[in-house]
Amino acid sequence: MKYECGIVLSGGGARGIAHLGILKALEEFGLQPSIISGTSAGAIVGAFYAKGLGIDEIISIIKNGHFFNFSNLNIVKQGLFSMKGFEDIYKTYFKNNSFEDLKIPLFIAATDILKGEINYFSEGELSTSLLASSCIPVLFQPVHYRGTHYVDGSVLNNFPIEPLLDKCHKIIGINVNSISKVKQEIPTKNILDRSFHLALNSTNSHKFKLCDLYIEPPKMSQFGLLDLDKIDLIYKYGYQHGLSLEKEIKELMNTIK
């Protein structure tokens with residue numbers, strides 16, 4: 001038995017809020033995923049959505065500082081931050097801390113930094129899987145889980161379509177890391193961000209073609225990885241782009257078994 005429609009959610013830091021806008025547009029057209037695969041910010045969005053929380057409720061959690069609240073971070077050895085505060089937040093919203101309690105099946109990608117390979121979690125501790133998937137290297141201590149150490153899933157796979165292949169009749173991919181072509185000077189502070197996402201898109205470009213519908217809002221580079229003060233703008237931009245794809249979305253829906 002195959003799932004009707006799977007959705008892949010890329011990483012992207014604060015840009016991941018655009019996923020919520022696109023998911024809202026999909027809902028309004030009558031389409032909801034039957035399985036989700038996400039990494040980093042996409043894994044976080046995917047988990048809250050798979051739990052059954054409404055889009056507005058998820059946005060409210062983020063805007064009210066109950067989520068991604070950096071006051072929850074503790075500095076530990078070597079100047080790195082601990083993610084303990086995030087774990088407490090996840091356990092507040094995911095009472096049983098289990099994939100099995102989600103209303104929509106979910107895969108979470110994380111990078112095993114010791115073995116140099118990507119892992120996909122779909123069972124076990126939900127909170128630890130989310131911590132592992134969104135553990136930004138250098139900023140956070142690696143997450144110890146199942147006998148090894150994990151960092152952000154985006155390091156090795158920022159578009160985790162693999163768990164959905166051969167499991168779905170149709171796959172929608174959402175990438176929130178579009179790269180604009182610019183002629184003007186790029187501010188120094190944006191060089192690392194742009195370089196990182198150029199590498200990601202180059203690595204994943206062949207996987208974008210495996211989607212039955214690939215969604216990439218074209219001007220996401222106007223938002224930074226940590227632009228949490230632009231939540232409303234990012235969400236609105238994703239939502240409006242989703243609405244602009246009405247024809248493509250409805251054509252896809254007509255082909256879903």
# chains A, B, ... in the order shown; residues from 1 in each chain; ligands from 1
$ select_by_dssp --residues "segment 118-233 of chain A" --states "alpha helix (DSSP H)" --output "number ranges by chain"
A: 126-133, 188-208, 231-233
$ write_last_selection --atoms "C-alpha atoms" --output "tab-separated table (two decimals), in the first residue's frame"
chain	number	residue	atom	x	y	z
A	126	LEU	CA	10.71	12.47	18.78
A	127	SER	CA	12.34	15.29	20.76
A	128	THR	CA	15.86	13.87	20.42
A	129	SER	CA	15.36	13.24	16.70
A	130	LEU	CA	14.31	16.88	16.25
A	131	LEU	CA	17.29	18.12	18.27
A	132	ALA	CA	19.65	16.01	16.17
A	133	SER	CA	18.15	17.20	12.88
A	188	THR	CA	30.18	40.23	3.61
A	189	LYS	CA	27.82	38.89	6.28
A	190	ASN	CA	25.79	37.15	3.55
A	191	ILE	CA	28.69	35.44	1.78
A	192	LEU	CA	28.75	32.34	4.00
A	193	ASP	CA	24.97	31.94	3.86
A	194	ARG	CA	24.92	32.26	0.08
A	195	SER	CA	27.89	29.93	-0.40
A	196	PHE	CA	26.29	27.28	1.81
A	197	HIS	CA	23.01	27.35	-0.10
A	198	LEU	CA	24.68	27.39	-3.51
A	199	ALA	CA	26.37	24.15	-2.47
A	200	LEU	CA	23.11	22.68	-1.14
A	201	ASN	CA	21.13	23.45	-4.29
A	202	SER	CA	23.87	22.11	-6.52
A	203	THR	CA	23.98	18.85	-4.55
A	204	ASN	CA	20.21	18.40	-4.52
A	205	SER	CA	19.22	19.64	-7.99
A	206	HIS	CA	18.80	16.11	-9.36
A	207	LYS	CA	16.39	15.26	-6.53
A	208	PHE	CA	14.16	18.24	-7.30
A	231	ILE	CA	8.17	35.65	10.70
A	232	ASP	CA	5.08	37.37	9.27
A	233	LEU	CA	6.85	38.39	6.06
$ residues_around --residues "Gly46 of chain A" --least-positions-apart "3" --cutoff "12 Å" --atoms "only C-alpha atoms" --output "ChimeraX atom specification"
/A:6-11,16-17,19-20,23,33-43,49-55,58,99,102-109,126,130,133,174
$ atom_distance --atom1 "atom CA of Asp112 of chain A" --atom2 "atom CA of Tyr150 of chain A"
4.6 Å
$ select_by_dssp --residues "segment 20-237 of chain A" --states "strand (DSSP E or B)" --output "ChimeraX atom specification"
/A:35-39,74-75,81-82,98,106-112,117-121,125,140,143-145,148-152,168-174,213-215
$ closest_residue --among "A:Lys250, A:Tyr3, A:Gly12, A:Gly116" --to "Ser134 of chain A" --atoms "only C-alpha atoms"
A:Gly12
$ residues_around --residues "Ile118 of chain A" --least-positions-apart "4" --cutoff "12 Å" --atoms "only C-alpha atoms" --output "VMD selection string"
chain A and resid 39 108 to 114 132 to 133 149 to 160 162 to 163
$ atom_distance --atom1 "atom CA of Gly85 of chain A" --atom2 "atom CA of Glu125 of chain A"
16.1 Å
$ atom_distance --atom1 "atom CA of His241 of chain A" --atom2 "atom CA of Lys170 of chain A"
20.4 Å
$ decode --residues "segment 42-135 of chain A" --atoms "C-alpha atoms" --output "CSV table (one decimal), in the first residue's frame"
chain,number,residue,atom,x,y,z
A,42,GLY,CA,11.6,21.3,7.7
A,43,ALA,CA,11.7,18.6,10.3
A,44,ILE,CA,10.5,20.9,13.0
A,45,VAL,CA,7.6,22.3,10.9
A,46,GLY,CA,6.8,18.8,9.8
A,47,ALA,CA,6.6,17.5,13.4
A,48,PHE,CA,4.2,20.2,14.6
A,49,TYR,CA,2.1,19.8,11.4
A,50,ALA,CA,2.1,16.0,11.7
A,51,LYS,CA,0.9,16.3,15.3
A,52,GLY,CA,-2.3,18.0,13.9
A,53,LEU,CA,-1.7,21.6,15.1
A,54,GLY,CA,-3.2,24.2,12.9
A,55,ILE,CA,-1.0,26.5,10.9
A,56,ASP,CA,-2.0,29.6,12.9
A,57,GLU,CA,-1.3,27.7,16.2
A,58,ILE,CA,2.2,26.8,15.0
A,59,ILE,CA,2.9,30.4,14.0
A,60,SER,CA,1.7,31.5,17.4
A,61,ILE,CA,4.1,29.2,19.2
A,62,ILE,CA,7.0,30.6,17.2
A,63,LYS,CA,5.9,34.3,17.5
A,64,ASN,CA,5.3,34.1,21.2
A,65,GLY,CA,8.8,32.9,21.9
A,66,HIS,CA,7.8,29.5,23.1
A,67,PHE,CA,9.9,28.0,20.3
A,68,PHE,CA,13.4,29.0,19.1
A,69,ASN,CA,13.7,31.0,22.2
A,70,PHE,CA,17.4,31.6,22.6
A,71,SER,CA,17.0,32.5,26.2
A,72,ASN,CA,16.7,28.8,26.7
A,73,LEU,CA,20.2,28.1,25.6
A,74,ASN,CA,23.1,27.4,28.0
A,75,ILE,CA,26.7,27.9,27.2
A,76,VAL,CA,28.7,24.7,27.8
A,77,LYS,CA,32.3,23.7,27.2
A,78,GLN,CA,34.3,25.1,24.2
A,79,GLY,CA,31.8,28.0,23.9
A,80,LEU,CA,29.1,25.8,22.3
A,81,PHE,CA,25.4,26.1,23.3
A,82,SER,CA,23.4,23.2,24.8
A,83,MET,CA,20.0,22.4,23.2
A,84,LYS,CA,18.5,21.4,26.5
A,85,GLY,CA,16.0,24.3,26.4
A,86,PHE,CA,14.7,23.1,23.1
A,87,GLU,CA,14.2,19.6,24.4
A,88,ASP,CA,12.0,21.0,27.2
A,89,ILE,CA,9.9,22.9,24.7
A,90,TYR,CA,9.4,19.8,22.5
A,91,LYS,CA,8.3,17.8,25.4
A,92,THR,CA,5.7,20.4,26.3
A,93,TYR,CA,4.0,20.0,23.0
A,94,PHE,CA,4.7,16.3,22.3
A,95,LYS,CA,3.5,14.8,25.6
A,96,ASN,CA,4.4,11.2,24.8
A,97,ASN,CA,7.5,12.2,22.9
A,98,SER,CA,6.8,9.5,20.3
A,99,PHE,CA,6.5,9.3,16.5
A,100,GLU,CA,3.6,6.9,17.0
A,101,ASP,CA,1.4,9.7,18.5
A,102,LEU,CA,1.6,11.8,15.3
A,103,LYS,CA,-1.4,11.9,13.1
A,104,ILE,CA,0.8,11.9,9.9
A,105,PRO,CA,3.8,9.6,9.5
A,106,LEU,CA,7.1,11.5,9.7
A,107,PHE,CA,10.7,10.9,8.7
A,108,ILE,CA,13.4,13.2,10.2
A,109,ALA,CA,16.9,13.4,8.7
A,110,ALA,CA,20.0,13.9,10.8
A,111,THR,CA,23.7,13.7,10.1
A,112,ASP,CA,25.8,11.1,12.0
A,113,ILE,CA,28.9,13.2,12.4
A,114,LEU,CA,31.1,10.3,13.5
A,115,LYS,CA,30.2,7.9,10.7
A,116,GLY,CA,29.7,10.6,8.1
A,117,GLU,CA,26.3,9.4,7.0
A,118,ILE,CA,22.7,10.5,7.0
A,119,ASN,CA,20.1,8.7,9.2
A,120,TYR,CA,16.3,8.9,8.9
A,121,PHE,CA,14.3,8.6,12.1
A,122,SER,CA,10.7,7.5,12.1
A,123,GLU,CA,10.4,5.9,15.5
A,124,GLY,CA,11.8,6.4,19.0
A,125,GLU,CA,12.3,9.7,20.8
A,126,LEU,CA,10.7,12.5,18.8
A,127,SER,CA,12.3,15.3,20.8
A,128,THR,CA,15.9,13.9,20.4
A,129,SER,CA,15.4,13.2,16.7
A,130,LEU,CA,14.3,16.9,16.3
A,131,LEU,CA,17.3,18.1,18.3
A,132,ALA,CA,19.7,16.0,16.2
A,133,SER,CA,18.2,17.2,12.9
A,134,SER,CA,18.4,20.9,13.8
A,135,CYS,CA,21.8,20.9,15.6
